[in-house]
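Text of my_file-v9.cif, listed as mmCIF, C-alpha atoms and all ligand atoms:
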```
data_run
#
loop_
_atom_site.label_atom_id
_atom_site.label_comp_id
_atom_site.auth_asym_id
_atom_site.auth_seq_id
_atom_site.Cartn_x
_atom_site.Cartn_y
_atom_site.Cartn_z
CA MET A 14 11.86 -22.56 -34.85
CA ARG A 15 9.66 -22.36 -31.77
CA LEU A 16 5.93 -21.88 -32.39
CA TYR A 17 3.96 -19.80 -29.91
CA SER A 18 0.31 -20.30 -29.13
CA LEU A 19 -1.97 -17.35 -29.80
CA ARG A 20 -4.42 -18.42 -27.12
CA MET A 21 -4.68 -16.20 -24.04
CA THR A 22 -4.01 -18.04 -20.76
CA HIS A 23 -5.54 -17.71 -17.29
CA GLU A 24 -2.42 -15.77 -16.32
CA ASP A 25 -2.93 -13.25 -19.15
CA PHE A 26 -6.44 -12.43 -17.95
CA MET A 27 -5.44 -12.36 -14.29
CA ARG A 28 -2.57 -10.01 -15.16
CA ARG A 29 -5.19 -7.71 -16.72
CA ALA A 30 -7.33 -7.92 -13.56
CA ILE A 31 -4.29 -7.04 -11.41
CA ASP A 32 -3.30 -4.15 -13.70
CA LEU A 33 -6.85 -2.78 -13.43
CA ALA A 34 -6.76 -3.11 -9.64
CA TYR A 35 -3.75 -0.76 -9.48
CA LEU A 36 -5.93 2.02 -10.90
CA GLY A 37 -7.51 2.16 -7.44
CA GLN A 38 -4.14 2.78 -5.76
CA GLY A 39 -4.36 5.39 -3.02
CA LEU A 40 -8.15 5.60 -3.34
CA VAL A 41 -9.56 2.46 -1.70
CA SER A 42 -7.83 2.23 1.69
CA PRO A 43 -8.58 0.60 4.10
CA ASN A 44 -10.05 -1.74 1.49
CA PRO A 45 -7.76 -3.73 -0.79
CA MET A 46 -7.21 -2.90 -4.46
CA VAL A 47 -9.14 -5.47 -6.51
CA GLY A 48 -9.59 -5.99 -10.25
CA ALA A 49 -11.89 -8.29 -12.26
CA VAL A 50 -12.20 -9.38 -15.89
CA LEU A 51 -15.08 -11.29 -17.47
CA VAL A 52 -14.02 -13.42 -20.44
CA HIS A 53 -16.15 -15.15 -23.03
CA GLN A 54 -14.41 -17.58 -25.39
CA GLY A 55 -11.09 -15.75 -25.14
CA SER A 56 -12.51 -12.22 -25.47
CA ILE A 57 -13.00 -9.69 -22.70
CA LEU A 58 -16.71 -9.03 -22.21
CA GLY A 59 -16.36 -6.68 -19.26
CA GLU A 60 -13.74 -5.47 -16.80
CA GLY A 61 -13.56 -3.29 -13.73
CA PHE A 62 -11.85 -2.47 -10.46
CA HIS A 63 -12.62 -1.20 -6.97
CA ALA A 64 -12.25 2.55 -7.57
CA GLY A 65 -12.92 4.07 -4.18
CA TYR A 66 -13.66 3.20 -0.57
CA GLY A 67 -17.37 2.38 -0.19
CA GLN A 68 -17.87 2.14 -3.94
CA VAL A 69 -18.88 -0.93 -5.97
CA HIS A 70 -16.58 -3.92 -5.86
CA ALA A 71 -14.47 -5.00 -8.82
CA GLU A 72 -16.73 -7.91 -9.83
CA VAL A 73 -19.81 -5.67 -10.00
CA ALA A 74 -17.85 -2.93 -11.79
CA ALA A 75 -16.84 -5.52 -14.42
CA LEU A 76 -20.44 -6.74 -14.83
CA GLN A 77 -21.62 -3.14 -15.25
CA THR A 78 -19.41 -2.67 -18.31
CA VAL A 79 -20.99 -5.57 -20.27
CA SER A 80 -23.08 -4.18 -23.11
CA ASP A 81 -26.81 -4.97 -23.19
CA ALA A 82 -26.30 -6.93 -26.41
CA GLN A 83 -23.77 -9.21 -24.67
CA ARG A 84 -25.47 -9.72 -21.33
CA GLY A 85 -26.77 -13.08 -22.50
CA LEU A 86 -23.17 -14.32 -22.70
CA ILE A 87 -22.45 -13.72 -19.00
CA PRO A 88 -23.43 -17.24 -17.82
CA GLU A 89 -21.09 -18.74 -20.42
CA SER A 90 -18.14 -16.58 -19.30
CA THR A 91 -15.25 -17.00 -16.87
CA LEU A 92 -14.70 -14.36 -14.21
CA TYR A 93 -11.11 -13.58 -13.20
CA VAL A 94 -10.79 -11.74 -9.91
CA SER A 95 -7.65 -10.80 -7.99
CA LEU A 96 -9.25 -11.45 -4.55
CA GLU A 97 -11.83 -13.95 -3.33
CA PRO A 98 -15.31 -12.50 -3.95
CA CYS A 99 -16.78 -11.24 -0.69
CA ALA A 100 -19.49 -13.10 1.22
CA HIS A 101 -20.76 -10.38 3.53
CA GLN A 102 -22.95 -7.32 3.49
CA GLY A 103 -20.59 -4.39 4.04
CA LYS A 104 -20.88 -1.03 2.32
CA GLN A 105 -21.57 -3.19 -0.73
CA PRO A 106 -23.62 -6.38 -1.11
CA PRO A 107 -21.83 -9.77 -1.26
CA CYS A 108 -20.15 -10.37 -4.63
CA ALA A 109 -20.27 -14.18 -4.32
CA ASN A 110 -24.09 -14.08 -4.26
CA ARG A 111 -24.13 -11.73 -7.23
CA ILE A 112 -21.91 -14.12 -9.22
CA VAL A 113 -24.30 -16.98 -8.42
CA ALA A 114 -27.31 -14.83 -9.39
CA GLU A 115 -25.65 -14.04 -12.73
CA ARG A 116 -25.27 -17.83 -13.23
CA ILE A 117 -21.54 -17.51 -14.04
CA LYS A 118 -20.15 -21.05 -14.23
CA LYS A 119 -16.44 -20.51 -13.75
CA VAL A 120 -14.43 -18.20 -11.48
CA VAL A 121 -10.63 -17.92 -11.27
CA ILE A 122 -9.40 -16.32 -8.04
CA ALA A 123 -5.82 -15.18 -7.43
CA THR A 124 -5.90 -15.33 -3.64
CA LEU A 125 -8.32 -15.88 -0.77
CA ASP A 126 -9.50 -12.93 1.35
CA PRO A 127 -8.15 -13.05 4.95
CA TYR A 128 -10.81 -10.59 6.21
CA LYS A 129 -12.76 -12.25 9.05
CA GLU A 130 -16.12 -11.72 7.32
CA VAL A 131 -14.92 -13.53 4.19
CA GLN A 132 -12.05 -16.04 4.85
CA GLY A 133 -13.13 -18.75 2.43
CA ARG A 134 -16.87 -18.09 2.74
CA GLY A 135 -16.99 -16.48 -0.70
CA LEU A 136 -15.39 -19.60 -2.13
CA GLU A 137 -17.88 -21.77 -0.25
CA ILE A 138 -20.90 -19.87 -1.60
CA LEU A 139 -19.62 -20.30 -5.15
CA GLN A 140 -18.77 -23.99 -4.78
CA GLN A 141 -22.08 -24.81 -3.10
CA ALA A 142 -23.89 -23.21 -6.03
CA GLY A 143 -21.95 -25.47 -8.41
CA VAL A 144 -19.59 -22.81 -9.76
CA ALA A 145 -16.23 -24.23 -10.87
CA VAL A 146 -13.58 -22.31 -8.92
CA GLU A 147 -9.83 -22.21 -9.35
CA VAL A 148 -7.73 -20.51 -6.66
CA GLY A 149 -4.05 -19.48 -6.80
CA CYS A 150 -3.58 -18.06 -10.29
CA MET A 151 -0.87 -15.36 -9.88
CA GLU A 152 -1.25 -15.54 -6.12
CA GLN A 153 2.15 -13.96 -5.43
CA GLU A 154 1.36 -10.88 -7.53
CA ALA A 155 -2.11 -10.59 -5.96
CA ARG A 156 -0.72 -10.79 -2.42
CA TRP A 157 1.80 -8.09 -3.29
CA LEU A 158 -0.99 -5.97 -4.79
CA ALA A 159 -3.06 -6.25 -1.60
CA ARG A 160 -0.12 -6.34 0.84
CA ARG A 161 -1.30 -3.37 2.91
CA PHE A 162 -4.70 -5.00 3.46
CA PHE A 163 -3.17 -8.42 4.13
CA THR A 164 -0.77 -6.98 6.70
CA VAL A 165 -3.59 -5.40 8.69
CA GLN A 166 -5.56 -8.66 8.66
CA GLU A 167 -2.62 -10.93 9.45
CA ARG A 168 -0.36 -8.78 11.67
CA SER A 169 -2.97 -6.47 13.13
CA ARG A 170 -1.05 -3.31 12.28
CA PRO A 171 -0.62 -1.08 9.21
CA TYR A 172 1.85 -1.95 6.45
CA ILE A 173 5.04 0.01 7.12
CA ILE A 174 7.32 1.42 4.44
CA LEU A 175 10.64 2.99 5.46
CA LYS A 176 12.09 5.46 3.02
CA TRP A 177 15.34 7.36 3.02
CA ALA A 178 18.07 8.70 0.75
CA GLN A 179 21.76 8.40 1.55
CA SER A 180 25.00 9.94 0.30
CA ALA A 181 27.71 8.06 -1.59
CA GLU A 182 29.44 7.41 1.77
CA GLY A 183 26.24 6.08 3.35
CA TYR A 184 25.34 9.20 5.30
CA PHE A 185 21.77 10.17 5.98
CA ALA A 186 22.41 13.91 6.42
CA PRO A 187 25.20 16.39 7.16
CA LEU A 188 26.40 16.62 10.77
CA SER A 189 25.36 20.26 10.96
CA ASN A 190 21.62 20.60 11.39
CA ALA A 191 21.33 22.04 7.88
CA ARG A 192 18.96 20.76 5.24
CA LYS A 193 20.71 19.06 2.35
CA GLN A 194 18.99 17.67 -0.73
CA LEU A 195 20.41 14.25 -1.59
CA SER A 196 17.91 12.70 -4.06
CA ASN A 197 17.69 13.97 -7.62
CA ALA A 198 14.57 15.51 -9.21
CA PHE A 199 13.53 12.16 -10.69
CA SER A 200 13.55 10.48 -7.24
CA MET A 201 11.66 13.40 -5.70
CA GLU A 202 8.92 13.05 -8.32
CA LEU A 203 8.63 9.37 -7.45
CA LEU A 204 8.53 10.16 -3.74
CA HIS A 205 5.48 12.34 -4.28
CA GLN A 206 3.77 9.44 -6.04
CA TRP A 207 4.66 7.19 -3.09
CA ARG A 208 3.07 9.60 -0.63
CA ARG A 209 -0.16 9.49 -2.58
CA GLN A 210 -0.24 5.71 -2.27
CA GLU A 211 -0.16 5.52 1.52
CA ALA A 212 -2.70 6.31 4.21
CA ALA A 213 -0.23 8.10 6.49
CA ILE A 214 3.24 9.72 6.40
CA MET A 215 5.40 10.15 9.46
CA VAL A 216 8.52 12.12 10.48
CA GLY A 217 10.32 12.62 13.75
CA TYR A 218 10.72 15.90 15.58
CA LYS A 219 14.18 16.83 14.32
CA THR A 220 13.29 16.19 10.68
CA ALA A 221 10.19 18.36 11.07
CA LEU A 222 12.30 21.09 12.65
CA ILE A 223 15.19 21.03 10.15
CA ASP A 224 13.35 20.25 6.90
CA ASN A 225 10.04 22.00 7.70
CA PRO A 226 8.27 19.60 5.29
CA LYS A 227 4.66 19.98 4.12
CA LEU A 228 4.22 16.19 3.66
CA THR A 229 1.26 16.79 1.37
CA ASN A 230 0.28 15.13 -1.87
CA ARG A 231 0.73 17.91 -4.42
CA SER A 232 0.33 15.68 -7.47
CA GLY A 233 -3.13 17.06 -8.20
CA SER A 234 -4.90 13.71 -7.84
CA GLY A 235 -5.63 11.14 -5.17
CA LEU A 236 -6.27 11.56 -1.50
CA GLN A 237 -4.31 13.49 1.11
CA PRO A 238 -2.46 11.16 3.49
CA LEU A 239 -2.60 11.73 7.23
CA ARG A 240 0.55 13.55 8.44
CA ILE A 241 2.15 12.41 11.66
CA VAL A 242 4.90 14.17 13.57
CA LEU A 243 6.48 13.35 16.92
CA ASP A 244 6.60 16.51 19.06
CA ARG A 245 6.67 15.37 22.68
CA THR A 246 6.78 18.79 24.32
CA LEU A 247 4.88 20.70 21.62
CA ALA A 248 7.98 22.64 20.69
CA LEU A 249 7.29 23.07 16.96
CA ALA A 250 6.44 26.68 16.12
CA THR A 251 2.87 27.37 15.02
CA THR A 252 4.31 28.86 11.82
CA HIS A 253 5.66 25.44 10.86
CA HIS A 254 4.24 23.86 7.67
CA LEU A 255 3.06 20.77 9.53
CA MET A 256 1.05 22.95 11.92
CA GLN A 257 -1.03 24.39 9.06
CA ASP A 258 -4.40 22.85 8.32
CA ASP A 259 -3.77 21.84 4.69
CA ALA A 260 -4.07 18.13 5.59
CA ALA A 261 -5.18 16.04 8.55
CA THR A 262 -2.31 15.90 11.04
CA TRP A 263 -1.52 14.08 14.27
CA ILE A 264 0.95 15.90 16.46
CA ILE A 265 1.99 13.10 18.79
CA ASN A 266 2.82 14.66 22.12
CA ALA A 267 2.77 14.00 25.86
CA LYS A 268 0.83 17.15 26.80
CA LYS A 269 -2.50 17.64 25.15
CA GLU A 270 -5.33 15.91 23.35
CA GLN A 271 -7.78 17.71 21.13
CA PRO A 272 -11.11 16.56 19.71
CA GLY A 273 -10.64 16.19 15.95
CA LEU A 274 -7.30 14.67 16.91
CA LYS A 275 -4.82 17.22 15.66
CA TYR A 276 -3.10 16.93 19.03
CA PHE A 277 -2.76 13.26 19.77
CA LYS A 278 -1.61 12.50 23.29
CA GLN A 279 0.55 9.43 24.01
CA ALA A 280 1.35 8.78 27.64
CA ASP A 281 4.26 6.47 26.88
CA PHE A 282 7.14 7.91 24.84
CA GLY A 283 9.29 4.85 25.54
CA ASP A 284 9.24 1.40 23.93
CA LYS A 285 5.46 1.36 23.61
CA LEU A 286 5.24 4.57 21.59
CA LEU A 287 5.42 3.03 18.11
CA PRO A 288 3.28 -0.08 18.84
CA ASN A 289 0.62 2.16 20.45
CA LEU A 290 0.70 4.57 17.53
CA LEU A 291 0.29 1.69 15.07
CA GLN A 292 -2.76 0.48 16.98
CA ASP A 293 -4.24 3.98 16.87
CA LEU A 294 -3.64 4.12 13.12
CA LYS A 295 -5.31 0.77 12.60
CA HIS A 296 -8.20 1.81 14.82
CA HIS A 297 -8.76 4.90 12.66
CA GLY A 298 -8.70 2.81 9.45
CA HIS A 299 -5.23 3.78 8.23
CA ASN A 300 -3.80 0.69 6.54
CA SER A 301 -0.34 1.90 5.65
CA LEU A 302 2.39 4.21 6.84
CA ILE A 303 5.45 5.61 5.09
CA VAL A 304 8.19 6.79 7.43
CA GLU A 305 10.44 9.45 5.92
CA GLY A 306 12.92 10.18 8.73
CA GLY A 307 14.92 11.01 10.60
CA ALA A 308 17.54 8.35 10.96
CA GLN A 309 16.72 7.82 14.64
CA LEU A 310 13.00 7.24 14.04
CA LEU A 311 13.69 4.91 11.09
CA GLN A 312 16.12 2.94 13.27
CA ALA A 313 13.50 2.67 16.02
CA PHE A 314 11.08 1.06 13.53
CA ILE A 315 13.84 -1.32 12.35
CA ASP A 316 14.91 -2.26 15.89
CA GLY A 317 11.31 -2.91 16.86
CA GLY A 318 10.87 -5.23 13.85
CA LEU A 319 8.16 -2.84 12.70
CA TRP A 320 8.68 -2.63 8.96
CA ASP A 321 7.59 -4.42 5.79
CA GLU A 322 9.43 -2.64 3.01
CA ALA A 323 12.45 -0.31 2.91
CA ARG A 324 13.08 1.94 -0.06
CA VAL A 325 16.65 3.22 0.05
CA ILE A 326 17.78 5.78 -2.50
CA HIS A 327 21.55 5.68 -3.06
CA THR A 328 22.72 9.03 -4.37
CA PRO A 329 26.12 10.08 -5.76
CA VAL A 330 26.19 13.19 -3.50
CA THR A 331 29.19 13.29 -1.15
CA LEU A 332 28.98 14.86 2.29
CA GLY A 333 32.49 14.24 3.64
CA LYS A 334 31.19 13.84 7.16
CA GLY A 335 27.69 12.97 8.18
CA LEU A 336 25.10 11.20 10.25
CA ALA A 337 25.05 7.45 9.58
CA ALA A 338 22.07 6.14 7.63
CA PRO A 339 19.79 3.60 9.36
CA LEU A 340 21.04 0.02 9.41
CA LEU A 341 18.62 -2.66 8.24
CA LYS A 342 18.73 -6.03 9.99
CA ASP A 343 17.68 -9.37 8.49
CA ALA A 344 16.78 -7.65 5.26
CA GLU A 345 16.77 -8.97 1.72
CA LEU A 346 17.25 -6.87 -1.39
CA MET A 347 14.19 -7.57 -3.57
CA ALA A 348 14.39 -5.10 -6.42
CA GLN A 349 16.45 -2.25 -7.79
CA GLU A 350 15.80 0.56 -10.21
CA HIS A 351 18.00 3.30 -11.67
CA LEU A 352 16.44 6.70 -11.11
CA ASP A 353 18.66 8.77 -13.39
CA THR A 354 21.83 9.23 -11.26
CA ASP A 355 20.23 7.71 -8.13
CA LEU A 356 19.75 4.02 -7.48
CA LEU A 357 16.69 2.72 -5.63
CA HIS A 358 17.00 -0.47 -3.59
CA VAL A 359 13.87 -2.13 -2.21
CA TYR A 360 14.27 -4.44 0.79
CA GLN A 361 11.92 -6.72 2.70
CA PRO A 362 12.39 -8.47 6.06
CA SER A 363 13.92 -11.89 5.29
CA ASP A 364 11.48 -13.79 7.50
CA ARG A 365 8.39 -12.85 5.48
CA LEU A 366 9.30 -12.22 1.91
CA ILE A 367 6.85 -11.77 -0.89
CA SER A 368 9.12 -12.77 -3.78
CA PHE A 369 9.47 -10.20 -6.46
CA VAL A 370 8.55 -11.45 -9.92
CA PRO A 371 8.58 -9.59 -13.24
CA GLY A 372 5.62 -7.25 -13.55
CA MET A 373 5.44 -6.40 -9.85
CA ARG A 374 5.52 -2.69 -9.09
CA LEU A 375 5.59 -0.57 -5.98
C1 LIG A 401 -14.57 -8.09 -3.31
N1 LIG A 401 -14.34 -7.26 -4.34
O1 LIG A 401 -13.59 -5.33 -5.17
C2 LIG A 401 -13.31 -5.70 -2.87
C3 LIG A 401 -13.51 -6.62 -1.81
O2 LIG A 401 -17.53 -2.43 2.99
P1 LIG A 401 -17.41 -3.17 1.69
O3 LIG A 401 -18.71 -3.78 1.27
O4 LIG A 401 -16.78 -2.35 0.59
O5 LIG A 401 -16.46 -4.46 1.93
C4 LIG A 401 -15.10 -4.31 2.14
C5 LIG A 401 -14.47 -5.67 2.28
O6 LIG A 401 -14.72 -6.44 1.11
C6 LIG A 401 -12.95 -5.60 2.42
O7 LIG A 401 -12.55 -5.60 3.76
C7 LIG A 401 -12.50 -6.89 1.72
O8 LIG A 401 -12.62 -8.00 2.59
C8 LIG A 401 -13.53 -7.03 0.62
N2 LIG A 401 -13.09 -6.30 -0.56
N3 LIG A 401 -14.11 -7.79 -2.07
O9 LIG A 401 -15.23 -9.11 -3.48
C9 LIG A 401 -13.73 -6.07 -4.18
N4 LIG A 401 -12.72 -4.49 -2.68
ZN ZN A 402 -17.37 -7.87 -2.97
#
```
Just give me the structure as structure tokens.
Ligand code: AOF
Ligand code: ZN
Amino acid sequence: MRLYSLRMTHEDFMRRAIDLAYLGQGLVSPNPMVGAVLVHQGSILGEGFHAGYGQVHAEVAALQTVSDAQRGLIPESTLYVSLEPCAHQGKQPPCANRIVAERIKKVVIATLDPYKEVQGRGLEILQQAGVAVEVGCMEQEARWLARRFFTVQERSRPYIILKWAQSAEGYFAPLSNARKQLSNAFSMELLHQWRRQEAAIMVGYKTALIDNPKLTNRSGSGLQPLRIVLDRTLALATTHHLMQDDAATWIINAKKEQPGLKYFKQADFGDKLLPNLLQDLKHHGHNSLIVEGGAQLLQAFIDGGLWDEARVIHTPVTLGKGLAAPLLKDAELMAQEHLDTDLLHVYQPSDRLISFVPGMRL
């Protein structure tokens, strides 16, 4: 018989910190999701997460939950945090200094912060004050958690998710320009959750014309992502859903610019269109983009090497004839999930994989 230890490990507490961080999903961009847990002799004394852009950081949120009766135990506790504590004065004061001021003696960090104001300086502040620091506990999971933020810091563009559904034969849509629902209700529900998690959603002109999508988050919680549509000649009718003011929208066109940016002019509709758009998104603080179609636009992102994650929903619907679905290149299947009768496949570019491990979620 194998005997199991009842003692909680570093990984158990870091897993809790990461789970807490996910509660800030869709609310903290362009900041990363971060979670923190304060542990005294194997028991959780306080825990918290970054809950909104500009709001208190995870470490401070965790400290705030410690009861008055237990505050005396803080210096004898270990702090688990999913990202290196910050070292700068931003919208919030530096967490590393706060940890030192609280006289916490041990900090376990999942991954360092690549942001230019931090980049190891948080670690330095802690170490110089004599705090014992361990870095790298559940680093893979923490990098996945903060992948949108990491991508902006390391690749200088938003994190890009490509999403599409395809028929049993691998078709994206019917040949006729008619709208055809491929995904089942379960997948559609999930798609709405995905929209809520990203800073911006984009479609091409033809998809906007044929599907007339609203592209809004109608889940009743979370923020409204920016809607982006390509409409070079401003041909979409003003009655179109995307033209209504229910969410911030960029109509990318070659004709007019408008203060408030509803009409976003791009001079170059050639090869530079997508790279320029990504720079504009980054400049306006949008850390992630989900591209929902059409096939031509999705293929342009793939061909330009401009993607980080592809979510392909394989459906049992047959179309007979159809428009070919986008073709991924140098892609690796990382995860799959049955969505009732549909099957979701998640791919990443093979040259920069974040390995999927149990417990990771989208
Ligand atoms: C932490 N804990 O919970 C978060 C951190 O403008 P501010 O003050 O909110 O700072 C944002 C930056 O702080 C962000 O770019 C990232 O480097 C770090 N986020 N750091 O110690 C947290 N959310
Ligand atoms: Zn901080």
Please tabulate, as CSV, the residues of chain A that come within 9 Å of ligand LIG 401 (chain A), each with its closest pair of atoms and the distance in Å to one decimal, counting all atoms listed in the file and ordering rows by chain, then residue number upward.
```
residue,atom,partner,partner_atom,distance
A:Ala34,CA,A:LIG401,O1,8.5
A:Val41,CA,A:LIG401,N4,7.7
A:Pro43,CA,A:LIG401,O7,7.4
A:Asn44,CA,A:LIG401,C6,4.9
A:Pro45,CA,A:LIG401,N4,5.4
A:Met46,CA,A:LIG401,N4,6.0
A:Val47,CA,A:LIG401,O1,4.6
A:Gly48,CA,A:LIG401,O1,6.5
A:Ala49,CA,A:LIG401,O1,7.9
A:Gly61,CA,A:LIG401,O1,8.8
A:Phe62,CA,A:LIG401,O1,6.3
A:His63,CA,A:LIG401,O1,4.6
A:Ala64,CA,A:LIG401,O1,8.3
A:Gly65,CA,A:LIG401,N4,8.7
A:Tyr66,CA,A:LIG401,O4,6.5
A:Gly67,CA,A:LIG401,O4,4.8
A:Gln68,CA,A:LIG401,O4,6.5
A:Val69,CA,A:LIG401,O1,6.9
A:His70,CA,A:LIG401,O1,3.4
A:Ala71,CA,A:LIG401,O1,3.8
A:Glu72,CA,A:LIG401,N1,6.0
A:Val73,CA,A:LIG401,O1,7.9
A:Ala74,CA,A:LIG401,O1,8.2
A:Val94,CA,A:LIG401,N1,8.0
A:Ser95,CA,A:LIG401,N1,8.4
A:Leu96,CA,A:LIG401,C1,6.4
A:Glu97,CA,A:LIG401,O9,5.9
A:Pro98,CA,A:LIG401,O9,3.4
A:Cys99,CA,A:LIG401,O9,3.8
A:Ala100,CA,A:LIG401,O9,7.5
A:His101,CA,A:LIG401,O3,7.3
A:Gln102,CA,A:LIG401,O3,6.0
A:Gly103,CA,A:LIG401,O3,3.4
A:Lys104,CA,A:LIG401,O3,3.7
A:Gln105,CA,A:LIG401,O3,3.5
A:Pro106,CA,A:LIG401,O3,6.0
A:Pro107,CA,A:LIG401,O9,7.0
A:Cys108,CA,A:LIG401,O9,5.2
A:Ala109,CA,A:LIG401,O9,7.2
A:Asp126,CA,A:LIG401,O8,6.0
A:Pro127,CA,A:LIG401,O8,7.1
A:Tyr128,CA,A:LIG401,O8,4.8
A:Lys129,CA,A:LIG401,O8,7.7
A:Glu130,CA,A:LIG401,O8,7.0
A:Val131,CA,A:LIG401,O8,6.2
A:Gln132,CA,A:LIG401,O8,8.4
A:Gly135,CA,A:LIG401,O9,8.1
A:Phe162,CA,A:LIG401,O7,7.9
```
Would you output that residue set with C-alpha atoms, as a PDB file, in the coordinates of the input?
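And here is the file that came out, out02.pdb:
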```pdb
ATOM      1  CA  ALA A  34      -6.760  -3.110  -9.640  1.00  0.00           C
ATOM      2  CA  VAL A  41      -9.560   2.460  -1.700  1.00  0.00           C
ATOM      3  CA  PRO A  43      -8.580   0.600   4.100  1.00  0.00           C
ATOM      4  CA  ASN A  44     -10.050  -1.740   1.490  1.00  0.00           C
ATOM      5  CA  PRO A  45      -7.760  -3.730  -0.790  1.00  0.00           C
ATOM      6  CA  MET A  46      -7.210  -2.900  -4.460  1.00  0.00           C
ATOM      7  CA  VAL A  47      -9.140  -5.470  -6.510  1.00  0.00           C
ATOM      8  CA  GLY A  48      -9.590  -5.990 -10.250  1.00  0.00           C
ATOM      9  CA  ALA A  49     -11.890  -8.290 -12.260  1.00  0.00           C
ATOM     10  CA  GLY A  61     -13.560  -3.290 -13.730  1.00  0.00           C
ATOM     11  CA  PHE A  62     -11.850  -2.470 -10.460  1.00  0.00           C
ATOM     12  CA  HIS A  63     -12.620  -1.200  -6.970  1.00  0.00           C
ATOM     13  CA  ALA A  64     -12.250   2.550  -7.570  1.00  0.00           C
ATOM     14  CA  GLY A  65     -12.920   4.070  -4.180  1.00  0.00           C
ATOM     15  CA  TYR A  66     -13.660   3.200  -0.570  1.00  0.00           C
ATOM     16  CA  GLY A  67     -17.370   2.380  -0.190  1.00  0.00           C
ATOM     17  CA  GLN A  68     -17.870   2.140  -3.940  1.00  0.00           C
ATOM     18  CA  VAL A  69     -18.880  -0.930  -5.970  1.00  0.00           C
ATOM     19  CA  HIS A  70     -16.580  -3.920  -5.860  1.00  0.00           C
ATOM     20  CA  ALA A  71     -14.470  -5.000  -8.820  1.00  0.00           C
ATOM     21  CA  GLU A  72     -16.730  -7.910  -9.830  1.00  0.00           C
ATOM     22  CA  VAL A  73     -19.810  -5.670 -10.000  1.00  0.00           C
ATOM     23  CA  ALA A  74     -17.850  -2.930 -11.790  1.00  0.00           C
ATOM     24  CA  VAL A  94     -10.790 -11.740  -9.910  1.00  0.00           C
ATOM     25  CA  SER A  95      -7.650 -10.800  -7.990  1.00  0.00           C
ATOM     26  CA  LEU A  96      -9.250 -11.450  -4.550  1.00  0.00           C
ATOM     27  CA  GLU A  97     -11.830 -13.950  -3.330  1.00  0.00           C
ATOM     28  CA  PRO A  98     -15.310 -12.500  -3.950  1.00  0.00           C
ATOM     29  CA  CYS A  99     -16.780 -11.240  -0.690  1.00  0.00           C
ATOM     30  CA  ALA A 100     -19.490 -13.100   1.220  1.00  0.00           C
ATOM     31  CA  HIS A 101     -20.760 -10.380   3.530  1.00  0.00           C
ATOM     32  CA  GLN A 102     -22.950  -7.320   3.490  1.00  0.00           C
ATOM     33  CA  GLY A 103     -20.590  -4.390   4.040  1.00  0.00           C
ATOM     34  CA  LYS A 104     -20.880  -1.030   2.320  1.00  0.00           C
ATOM     35  CA  GLN A 105     -21.570  -3.190  -0.730  1.00  0.00           C
ATOM     36  CA  PRO A 106     -23.620  -6.380  -1.110  1.00  0.00           C
ATOM     37  CA  PRO A 107     -21.830  -9.770  -1.260  1.00  0.00           C
ATOM     38  CA  CYS A 108     -20.150 -10.370  -4.630  1.00  0.00           C
ATOM     39  CA  ALA A 109     -20.270 -14.180  -4.320  1.00  0.00           C
ATOM     40  CA  ASP A 126      -9.500 -12.930   1.350  1.00  0.00           C
ATOM     41  CA  PRO A 127      -8.150 -13.050   4.950  1.00  0.00           C
ATOM     42  CA  TYR A 128     -10.810 -10.590   6.210  1.00  0.00           C
ATOM     43  CA  LYS A 129     -12.760 -12.250   9.050  1.00  0.00           C
ATOM     44  CA  GLU A 130     -16.120 -11.720   7.320  1.00  0.00           C
ATOM     45  CA  VAL A 131     -14.920 -13.530   4.190  1.00  0.00           C
ATOM     46  CA  GLN A 132     -12.050 -16.040   4.850  1.00  0.00           C
ATOM     47  CA  GLY A 135     -16.990 -16.480  -0.700  1.00  0.00           C
ATOM     48  CA  PHE A 162      -4.700  -5.000   3.460  1.00  0.00           C
TER      49      PHE A 162
END
```
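Between CA of Gln349 in chain A and CA of Phe314 in chain A the interatomic distance comes to 22.2 Å.
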Item to complete: Select, from A:Gln257, A:Ser234, A:Leu40, A:Ala30, the residue with the minimum atom-to-atom distance to Gly59 in chain A, counting all atoms listed in the file.
Response: A:Ala30
Practice prompt. Provide the CA of Pro187 in chain A to CA of Ile223 in chain A distance in Å, to one decimal place.
Written response: 11.4 Å
Item to complete: For each of A:Leu175, A:Leu239, A:Ile112, A:Val79, take the minimum atom-to-atom distance to ligand ZN 402 (chain A), counting only C-alpha atoms and all ligand atoms, then give the residue where this is smallest.
Response: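 Comparing A:Leu175, A:Leu239, A:Ile112, A:Val79 against ligand ZN 402 (chain A), the winner is A:Ile112.
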Practice prompt. May I ask for the distance between CA of Gly235 in chain A and CA of Gln210 in chain A, given in Å to one decimal place?
Written response: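 So the two atoms, CA of Gly235 in chain A and CA of Gln210 in chain A, lie 8.2 Å apart.
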Fill in: All residues 10 Å or closer to His253 in chain A, all atoms listed in the file, same chain fewer than 3 positions away omitted, as a ChimeraX atom specification
/A:221-222,225-227,249-250,256-257
Item to complete: Point out the residue among A:Arg170, A:His351, A:Arg111, A:Arg374 with the least atom-to-atom distance to ligand ZN 402 (chain A), counting only C-alpha atoms and all ligand atoms.
Response: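 Closest residue, counting only C-alpha atoms and all ligand atoms: A:Arg111.
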